[in-house]
Every structure is written in C-alpha cells, then in structure tokens.
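A.B. asks: If it helps, the file is called my_file-v2.txt and holds compact mmCIF, C-alpha atoms:
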```txt
# COMPACT_ATOMS: atom_id res chain seq x y z
CA MET L 1 123.90 -47.79 46.14
CA ASN L 2 122.15 -45.24 43.93
CA THR L 3 124.57 -44.00 41.30
CA SER L 4 122.06 -41.99 39.27
CA LYS L 5 122.80 -38.30 38.97
CA GLN L 6 120.29 -35.57 39.60
CA ILE L 7 119.37 -33.90 36.33
CA SER L 8 118.82 -30.18 36.52
CA HIS L 9 115.79 -28.94 34.66
CA TRP L 10 116.89 -25.32 34.53
CA ARG L 11 118.33 -24.26 31.20
CA VAL L 12 120.36 -21.08 31.53
CA VAL L 13 122.09 -18.93 28.91
CA ALA L 14 123.99 -15.82 29.97
CA ALA L 15 126.46 -13.34 28.50
CA SER L 16 128.11 -9.99 29.14
CA VAL L 17 129.33 -8.03 26.12
CA CYS L 18 131.19 -4.77 25.68
CA GLY L 19 129.15 -1.79 24.52
CA THR L 20 130.04 -0.05 21.27
CA SER L 21 131.01 3.14 23.12
CA HIS L 22 133.47 1.19 25.28
CA ILE L 23 134.91 -0.59 22.24
CA LYS L 24 135.37 2.78 20.52
CA ASN L 25 137.16 4.18 23.58
CA LYS L 26 139.21 0.97 24.05
CA GLN L 27 137.62 0.35 27.45
CA LEU L 28 136.92 -3.04 29.02
CA CYS L 29 133.41 -4.39 29.54
CA GLN L 30 132.40 -3.32 33.04
CA ASP L 31 129.49 -5.74 33.34
CA ALA L 32 129.67 -9.16 34.98
CA HIS L 33 127.38 -12.09 35.72
CA HIS L 34 127.48 -15.39 37.58
CA TRP L 35 124.96 -18.18 38.21
CA GLN L 36 124.60 -21.68 39.61
CA VAL L 37 121.92 -24.34 39.82
CA LEU L 38 121.93 -25.71 43.37
CA PRO L 39 120.47 -29.07 44.46
CA GLY L 40 116.68 -29.22 44.32
CA ASN L 41 116.47 -27.08 41.18
CA VAL L 42 117.28 -23.85 43.01
CA LEU L 43 118.66 -21.33 40.53
CA VAL L 44 120.77 -18.45 41.87
CA ALA L 45 121.97 -15.72 39.53
CA ALA L 46 123.59 -12.32 39.75
CA ALA L 47 124.31 -9.50 37.31
CA ALA L 48 126.28 -6.31 37.91
CA ASP L 49 127.28 -3.14 36.08
CA GLY L 50 130.48 -1.49 37.26
CA ALA L 51 130.16 2.29 37.43
CA GLY L 52 131.61 4.11 34.43
CA SER L 53 132.91 6.75 36.82
CA ALA L 54 134.76 4.17 38.95
CA SER L 55 138.35 3.38 37.97
CA GLN L 56 137.92 -0.29 38.97
CA GLY L 57 134.24 -0.70 38.14
CA LYS L 58 134.81 -3.95 36.24
CA VAL L 59 136.63 -5.47 39.23
CA GLY L 60 133.81 -4.39 41.54
CA ALA L 61 131.19 -6.00 39.29
CA MET L 62 133.11 -9.28 39.02
CA VAL L 63 133.81 -9.47 42.76
CA ALA L 64 130.19 -8.64 43.63
CA VAL L 65 128.52 -11.32 41.48
CA GLU L 66 130.98 -14.03 42.49
CA ALA L 67 130.69 -13.23 46.20
CA ALA L 68 126.88 -13.10 46.07
CA ILE L 69 126.55 -16.49 44.35
CA GLU L 70 129.24 -18.08 46.53
CA ASN L 71 127.40 -16.88 49.62
CA LEU L 72 124.11 -18.38 48.41
CA SER L 73 125.74 -21.64 47.32
CA ILE L 74 126.98 -22.44 50.85
CA GLN L 75 123.66 -21.79 52.61
CA GLU L 76 122.20 -25.28 52.04
CA ILE L 77 119.10 -23.77 50.50
CA THR L 78 116.19 -26.16 50.01
CA ARG L 79 112.79 -25.82 48.37
CA ASP L 80 111.28 -26.22 51.86
CA SER L 81 113.36 -23.42 53.39
CA LEU L 82 112.38 -21.13 50.52
CA SER L 83 108.71 -21.58 51.46
CA ASP L 84 109.38 -19.15 54.34
CA ASP L 85 109.26 -15.51 53.17
CA ALA L 86 111.51 -14.37 56.02
CA ILE L 87 114.21 -16.90 55.04
CA VAL L 88 114.12 -15.76 51.40
CA GLN L 89 114.49 -12.14 52.46
CA SER L 90 117.33 -13.04 54.82
CA LEU L 91 119.18 -15.01 52.11
CA LEU L 92 119.03 -12.08 49.70
CA HIS L 93 120.04 -9.61 52.40
CA GLU L 94 123.02 -11.75 53.45
CA ALA L 95 124.12 -12.15 49.81
CA LEU L 96 124.07 -8.37 49.34
CA LEU L 97 126.12 -7.93 52.53
CA ALA L 98 128.61 -10.59 51.40
CA ALA L 99 128.98 -8.90 48.02
CA ARG L 100 129.59 -5.50 49.59
CA LYS L 101 132.14 -6.89 52.06
CA ALA L 102 133.98 -8.64 49.21
CA VAL L 103 134.13 -5.39 47.23
CA GLU L 104 135.37 -3.48 50.29
CA ASP L 105 138.02 -6.15 50.97
CA GLU L 106 139.14 -6.08 47.35
CA ALA L 107 139.38 -2.29 47.47
CA ALA L 108 141.54 -2.46 50.60
CA ALA L 109 143.78 -5.11 49.01
CA CYS L 110 144.25 -2.87 45.95
CA ARG L 111 144.76 0.21 48.13
CA LYS L 112 141.69 1.82 46.60
CA GLN L 113 138.58 3.38 48.04
CA PRO L 114 135.38 1.25 47.91
CA GLN L 115 133.79 3.79 45.54
CA ASP L 116 136.60 3.06 43.06
CA LEU L 117 134.94 -0.37 42.70
CA ALA L 118 131.37 0.98 42.60
CA THR L 119 128.86 -1.34 40.94
CA THR L 120 125.17 -2.09 40.71
CA LEU L 121 123.97 -5.57 41.69
CA ILE L 122 120.95 -7.77 40.96
CA ILE L 123 120.55 -11.12 42.77
CA ALA L 124 117.81 -13.63 41.91
CA ILE L 125 116.72 -16.91 43.50
CA ALA L 126 114.24 -19.12 41.64
CA THR L 127 112.67 -22.56 41.92
CA PRO L 128 109.74 -24.04 40.00
CA ASP L 129 107.50 -22.69 42.79
CA MET L 130 108.80 -19.17 43.42
CA ALA L 131 111.20 -16.42 42.44
CA ALA L 132 112.69 -13.55 44.37
CA ALA L 133 115.16 -10.80 43.60
CA ALA L 134 117.09 -8.03 45.31
CA GLN L 135 118.54 -5.10 43.44
CA ILE L 136 120.79 -2.13 44.11
CA GLY L 137 120.92 0.39 41.30
CA ASP L 138 119.48 0.09 37.83
CA GLY L 139 118.76 -2.93 35.68
CA LEU L 140 115.83 -5.33 35.76
CA ALA L 141 114.81 -8.79 37.04
CA VAL L 142 111.81 -10.44 35.41
CA VAL L 143 109.88 -13.71 35.76
CA LYS L 144 107.20 -15.43 33.70
CA ASP L 145 104.84 -17.77 35.51
CA ARG L 146 102.93 -20.75 34.16
CA LYS L 147 99.84 -18.57 33.64
CA GLY L 148 101.84 -16.43 31.19
CA ASN L 149 102.16 -13.42 33.50
CA LEU L 150 105.36 -11.43 32.92
CA VAL L 151 106.31 -9.75 36.19
CA ALA L 152 109.08 -7.28 36.99
CA LEU L 153 110.53 -8.33 40.34
CA THR L 154 112.75 -5.25 40.26
CA VAL L 155 112.86 -2.12 38.14
CA PRO L 156 115.60 0.45 37.43
CA ASN L 157 116.32 2.47 40.55
CA ASN L 158 117.40 5.83 39.24
CA GLY L 159 118.08 8.76 41.49
CA GLU L 160 116.77 12.27 41.06
CA TYR L 161 118.50 12.55 37.69
CA ILE L 162 118.29 10.18 34.71
CA ASN L 163 121.94 9.08 34.85
CA GLU L 164 122.10 8.85 38.64
CA THR L 165 121.88 5.52 40.41
CA THR L 166 122.71 3.85 43.72
CA PHE L 167 125.75 1.59 43.93
CA LEU L 168 126.57 -1.34 46.22
CA THR L 169 129.22 0.80 47.93
CA SER L 170 126.77 3.67 48.65
CA LEU L 171 126.17 4.25 52.35
CA ASP L 172 122.46 3.32 52.39
CA ALA L 173 122.60 0.81 49.53
CA ILE L 174 121.65 -2.30 51.52
CA ASP L 175 118.89 -0.56 53.46
CA THR L 176 117.27 0.85 50.33
CA ALA L 177 117.67 -2.25 48.12
CA GLN L 178 114.61 -3.37 46.20
CA MET L 179 113.34 -6.81 47.17
CA ARG L 180 110.37 -8.74 45.83
CA LEU L 181 109.05 -12.29 46.04
CA TRP L 182 106.65 -13.96 43.57
CA ARG L 183 105.02 -17.25 44.58
CA GLU L 184 103.66 -18.86 41.43
CA ALA L 185 104.72 -21.75 39.18
CA ILE L 186 107.80 -20.21 37.54
CA VAL L 187 108.80 -21.10 33.99
CA ASN L 188 111.22 -18.29 33.10
CA VAL L 189 113.64 -15.91 34.80
CA ALA L 190 115.70 -13.06 33.37
CA ALA L 191 118.10 -10.48 34.75
CA LEU L 192 119.74 -7.69 32.79
CA THR L 193 121.86 -4.62 33.32
CA ASP L 194 120.83 -1.09 32.40
CA GLY L 195 122.23 -1.21 28.87
CA LEU L 196 119.18 -3.27 27.86
CA GLN L 197 116.51 -1.73 30.05
CA MET L 198 115.24 0.73 27.42
CA LEU L 199 114.49 -2.25 25.14
CA ALA L 200 113.25 -4.58 27.85
CA LEU L 201 110.98 -2.23 29.79
CA ASN L 202 107.97 -0.30 28.59
CA MET L 203 108.92 2.95 30.30
CA VAL L 204 105.45 4.49 29.89
CA VAL L 205 103.70 1.86 32.03
CA GLY L 206 106.79 0.52 33.81
CA GLU L 207 106.18 -3.08 32.74
CA PRO L 208 108.42 -5.66 31.02
CA HIS L 209 108.18 -5.62 27.23
CA LYS L 210 106.72 -8.98 26.11
CA PRO L 211 108.07 -8.77 22.51
CA PHE L 212 111.58 -8.53 23.98
CA PHE L 213 111.35 -11.34 26.54
CA PHE L 214 109.07 -13.99 25.02
CA PRO L 215 111.28 -14.86 22.01
CA LEU L 216 114.31 -15.04 24.33
CA PHE L 217 112.48 -17.36 26.70
CA ASP L 218 111.48 -19.59 23.76
CA PHE L 219 115.11 -19.60 22.65
CA VAL L 220 116.53 -20.76 25.99
CA GLU L 221 113.75 -23.31 26.47
CA ASN L 222 114.63 -24.98 23.17
CA THR L 223 118.40 -24.80 23.48
CA GLU L 224 120.32 -28.06 23.78
CA ASP L 225 123.95 -27.01 23.32
CA ARG L 226 124.90 -24.47 26.01
CA THR L 227 128.08 -23.35 24.25
CA LEU L 228 126.29 -22.75 20.96
CA ALA L 229 123.45 -21.00 22.77
CA LYS L 230 125.87 -18.61 24.47
CA GLU L 231 127.46 -17.83 21.10
CA GLN L 232 124.01 -17.07 19.68
CA LEU L 233 123.16 -14.84 22.65
CA VAL L 234 126.42 -12.89 22.25
CA LYS L 235 125.65 -12.50 18.54
CA PHE L 236 122.17 -11.18 19.41
CA LEU L 237 123.56 -8.68 21.94
CA ASN L 238 126.10 -7.45 19.38
CA SER L 239 123.52 -7.24 16.58
CA GLU L 240 122.56 -4.00 14.90
CA ARG L 241 119.06 -4.36 16.26
CA ILE L 242 120.49 -3.89 19.76
CA THR L 243 123.49 -1.62 19.12
CA GLN L 244 121.35 0.90 17.24
CA ARG L 245 119.40 1.42 20.47
CA THR L 246 122.20 1.31 23.06
CA ASP L 247 125.98 1.75 23.15
CA ASP L 248 126.37 0.58 26.76
CA ASP L 249 127.77 -2.71 28.08
CA LEU L 250 125.13 -5.42 28.09
CA THR L 251 124.46 -8.36 30.39
CA LEU L 252 121.57 -10.76 29.97
CA ILE L 253 120.80 -13.90 31.99
CA ILE L 254 117.85 -15.94 30.72
CA ALA L 255 116.54 -19.19 32.19
CA ALA L 256 113.77 -21.67 31.47
CA PHE L 257 112.45 -24.44 33.69
CA ASN L 258 111.58 -27.55 31.71
CA ASN L 259 109.37 -30.17 33.32
CA THR L 260 110.46 -32.88 30.89
```
Mind converting the file's structure to structure tokens?
C.D. replies:
Amino acid sequence: MNTSKQISHWRVVAASVCGTSHIKNKQLCQDAHHWQVLPGNVLVAAAADGAGSASQGKVGAMVAVEAAIENLSIQEITRDSLSDDAIVQSLLHEALLAARKAVEDEAAACRKQPQDLATTLIIAIATPDMAAAAQIGDGLAVVKDRKGNLVALTVPNNGEYINETTFLTSLDAIDTAQMRLWREAIVNVAALTDGLQMLALNMVVGEPHKPFFFPLFDFVENTEDRTLAKEQLVKFLNSERITQRTDDDLTLIIAAFNNT
C-alpha cells in the first residue's frame, strides 16, 4: 500500500484588503477570492469585486468565488481533459453559470434582487502546461510562461464610460464574458480586481506591467511559510506605495509553479 502523499508544486499567496476610501467611510471590503489546488497540479482560482452600488455587493462577491471554485473542484478535472480546448471552455462556462445561479439563489433567500448582489468575477484554471481564464467585468488575469512572456489572459472590460462595467448578474454577462487559453509551459499566474489594474496594466499599450508582476512572482516562488507570506502580501497591499495610487478595495492572487 502506497502511503506517500502527493506534493503540490503550486505555491499560492492571496489576499483581499479594504480600500482606504471604504475604511474612511466605515464600509466593508467588497472584494473576495478563493482558490484550490486539485489533484494533478491543477490550480483553480477566482477573484471578485462586489459592486459599490449594490447593497449586498460583498455577499455577491463571496458567493460567486466560492460557487465557481466548488463547481470546478467537483468536475474531476485532469491534465489530459484540459488538453481539449472545448473542455476547458466548457469548464469555465459552467463555473460562471454556477456562480451566477448561486448569487441568484442567495438573493432570493435574502429577499433581494440579484442586482443587489452585483459583482465582477474572474476565474482561472492553470497547470504546468496551460492556463485559461474567464472574466466578467473589470480586473485582470495574467500568466508568465517559461520563455518569460507575460500575457494578459483577460483585460478590464469597461463599458462606454470609465466607471461602467458588466456584472455577473447583468443579462448578457455570460454570453459576453472574456475567455482565453494559453498553451505554454506556465510558471506564474495572477488575478487581481480593478483596484490594482492601474498599477498592473500599462494602459497605453494594454499589456501587463512587468515591474509590477515580476517581483511579486519572485516573492511567491521563494515563499516557504504561507501564513507569513499572506501577512507580507497584505502589508504590501496596504503600503503607501499602493494606497497613494488607489483607494479601492484590492484583491491579488499570485501563484508560482516550482519544478523542484
């Protein structure tokens, strides 16, 4: 009988912190995140930003990320199944549907309208061989491959106006969701909500900002103590360097795949 345990090679550090404007107004953090490493080194992660205009935006964000990851975790995903583009697309689509249904069910249970729980949602699936993401609303999902390419799988999806975005509860949200697949040797994955996108994205060329991501990827790759690493990430997100540039809630998920 083999009693050895499978050792996951993904190192993940993630945090959601309250923006300075929300602290000032005594509001709760409306961001949420959730992630799991499934058998076979399949990383699934989700980040969400509850709408500031929604009375239960925080609840919507929490329900959405938990439902999306739960849905993916019961699909018996394997590295082999993820070699099929259609299966990857279907998995992401089903996770979005599960998240929206969970938000709608929660709204009904609370006797609220779904839009009262409006939230954005980013879902990522990654293995050492590929990464894919689906996104509704703003925020950003990024991967770095073994060649050193930094690729935006998704980009902020703003509407006609700068502060306008699509939410999971919007009528055409699922149909208009961004979805992209990258088949290369993946070494890093990141997902973040819109509070960080001005720092993380070079808006002029629409590409991820290497000076933002590369030090963070080095940090997670070299981390040993997950609790200490999360504390350090929270400290970074609350630092003056960040809060001088944004007063919004912040969520950042960063992951590194170590071959050792």
A.B. asks: Pick from L:Gln75, L:Thr246, L:Gln178, L:Ser55: nearest to Cys110 (chain L), with all atoms listed in the file counted?
C.D. replies: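 That would be L:Ser55, the residue with the smallest distance to Cys110 (chain L).
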A.B. asks: Please, what distance in Å, to one decimal, runs between CA of Val88 (chain L) and CA of Leu181 (chain L)?
C.D. replies: 8.2 Å
A.B. asks: For a quick check of understanding, using all atoms listed in the file, which of L:Ser73, L:Leu121, L:Asp218, L:Thr193 has the smallest distance to Ala61 (chain L)?
C.D. replies: L:Leu121
A.B. asks: Distance CA of Asp116 (chain L)-CA of Ala134 (chain L), one decimal place?
C.D. replies: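 Computing the Euclidean distance for CA of Asp116 (chain L) and CA of Ala134 (chain L) yields 22.6 Å.
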A.B. asks: Between CA of Met179 (chain L) and CA of Ala131 (chain L), what is the distance, to one decimal in Å?
C.D. replies: 10.9 Å
A.B. asks: So that I can check the surroundings of Asp85 (chain L), please list as a PDB file with C-alpha atoms, in the coordinates of the input every protein, DNA and RNA residue that reaches within 12 Å of it, counting only C-alpha atoms and ignoring chain neighbours fewer than 5 positions away.
C.D. replies:
```pdb
ATOM      1  CA  ARG L  79     112.790 -25.820  48.370  1.00  0.00           C
ATOM      2  CA  ASP L  80     111.280 -26.220  51.860  1.00  0.00           C
ATOM      3  CA  SER L  90     117.330 -13.040  54.820  1.00  0.00           C
ATOM      4  CA  LEU L  91     119.180 -15.010  52.110  1.00  0.00           C
ATOM      5  CA  LEU L  92     119.030 -12.080  49.700  1.00  0.00           C
ATOM      6  CA  MET L 130     108.800 -19.170  43.420  1.00  0.00           C
ATOM      7  CA  ALA L 131     111.200 -16.420  42.440  1.00  0.00           C
ATOM      8  CA  ALA L 132     112.690 -13.550  44.370  1.00  0.00           C
ATOM      9  CA  MET L 179     113.340  -6.810  47.170  1.00  0.00           C
ATOM     10  CA  ARG L 180     110.370  -8.740  45.830  1.00  0.00           C
ATOM     11  CA  LEU L 181     109.050 -12.290  46.040  1.00  0.00           C
ATOM     12  CA  TRP L 182     106.650 -13.960  43.570  1.00  0.00           C
ATOM     13  CA  ARG L 183     105.020 -17.250  44.580  1.00  0.00           C
TER      14      ARG L 183
END
```
A.B. asks: Taking 4 positions as the minimum chain separation for residues in the same chain, which residues sit within 7 Å of region 29-34 of chain L when counting only C-alpha atoms? Answer as a list in words.
C.D. replies: Ser16, Val17, Cys18, Ala45, Ala46, Ala47, Ala48, Asp49, Gly50, Gly57, Lys58, Ala61, Met62, Val65, Glu66, Ile69, Asp249, Leu250 and Thr251 of chain L
A.B. asks: Pick out the closest residue to Ala229 (chain L) from this set: L:Val13, L:Ala102, L:Ala133, L:Val187. Count all atoms listed in the file.
C.D. replies: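 So, comparing all the options, the nearest one is L:Val13.
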A.B. asks: Taking all atoms listed in the file into account, which of L:Val12, L:Thr78, L:Ala200, L:Ala98 comes nearest Thr223 (chain L)?
C.D. replies: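 Among the listed residues, the smallest separation from Thr223 (chain L) belongs to L:Val12.
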A.B. asks: So that I can see what lies close to Arg11 (chain L), please list as a list in words the residues with an atom at most 10 Å from it, counting all atoms listed in the file and leaving out residues fewer than 4 positions away in the same chain.
C.D. replies: Val37, Leu43, Asn188, Val220, Glu221, Asn222, Thr223, Glu224, Arg226, Ile254, Ala255, Ala256, Phe257 and Asn258 of chain L
A.B. asks: Counting all atoms listed in the file, write as a PyMOL selection string all protein and nucleic acid residues lying at most 6 Å from (113.0, -21.2, 38.4) in the file's frame.
C.D. replies: chain L and resi 126-128+186+257
A.B. asks: Out of L:Val205, L:Val42, L:Ala152, L:Met198, which residue has the shortest atom-to-atom distance to Asp129 (chain L) when counting only C-alpha atoms?
C.D. replies: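 Of L:Val205, L:Val42, L:Ala152, L:Met198, the one nearest Asp129 (chain L), counting only C-alpha atoms, is L:Val42.
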A.B. asks: L:Gln135, L:Gln89, L:Asn25, L:Ser170: which is nearest Glu104 (chain L), counting all atoms listed in the file?
C.D. replies: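 Going through L:Gln135, L:Gln89, L:Asn25, L:Ser170 one by one, the smallest distance to Glu104 (chain L) is for L:Ser170.
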A.B. asks: Can you tell me which residues surround Gln197 (chain L) at a distance of at most 10 Å, considering all atoms listed in the file, apart from same-chain residues fewer than 2 positions away, and format the answer as a CSV table (one decimal) with C-alpha atoms, in the frame of the given file?
C.D. replies:
```csv
chain,number,residue,atom,x,y,z
L,138,ASP,CA,119.5,0.1,37.8
L,139,GLY,CA,118.8,-2.9,35.7
L,140,LEU,CA,115.8,-5.3,35.8
L,155,VAL,CA,112.9,-2.1,38.1
L,156,PRO,CA,115.6,0.4,37.4
L,192,LEU,CA,119.7,-7.7,32.8
L,193,THR,CA,121.9,-4.6,33.3
L,194,ASP,CA,120.8,-1.1,32.4
L,195,GLY,CA,122.2,-1.2,28.9
L,199,LEU,CA,114.5,-2.2,25.1
L,200,ALA,CA,113.2,-4.6,27.8
L,201,LEU,CA,111.0,-2.2,29.8
L,202,ASN,CA,108.0,-0.3,28.6
L,203,MET,CA,108.9,3.0,30.3
L,208,PRO,CA,108.4,-5.7,31.0
L,209,HIS,CA,108.2,-5.6,27.2
L,246,THR,CA,122.2,1.3,23.1
L,250,LEU,CA,125.1,-5.4,28.1
```
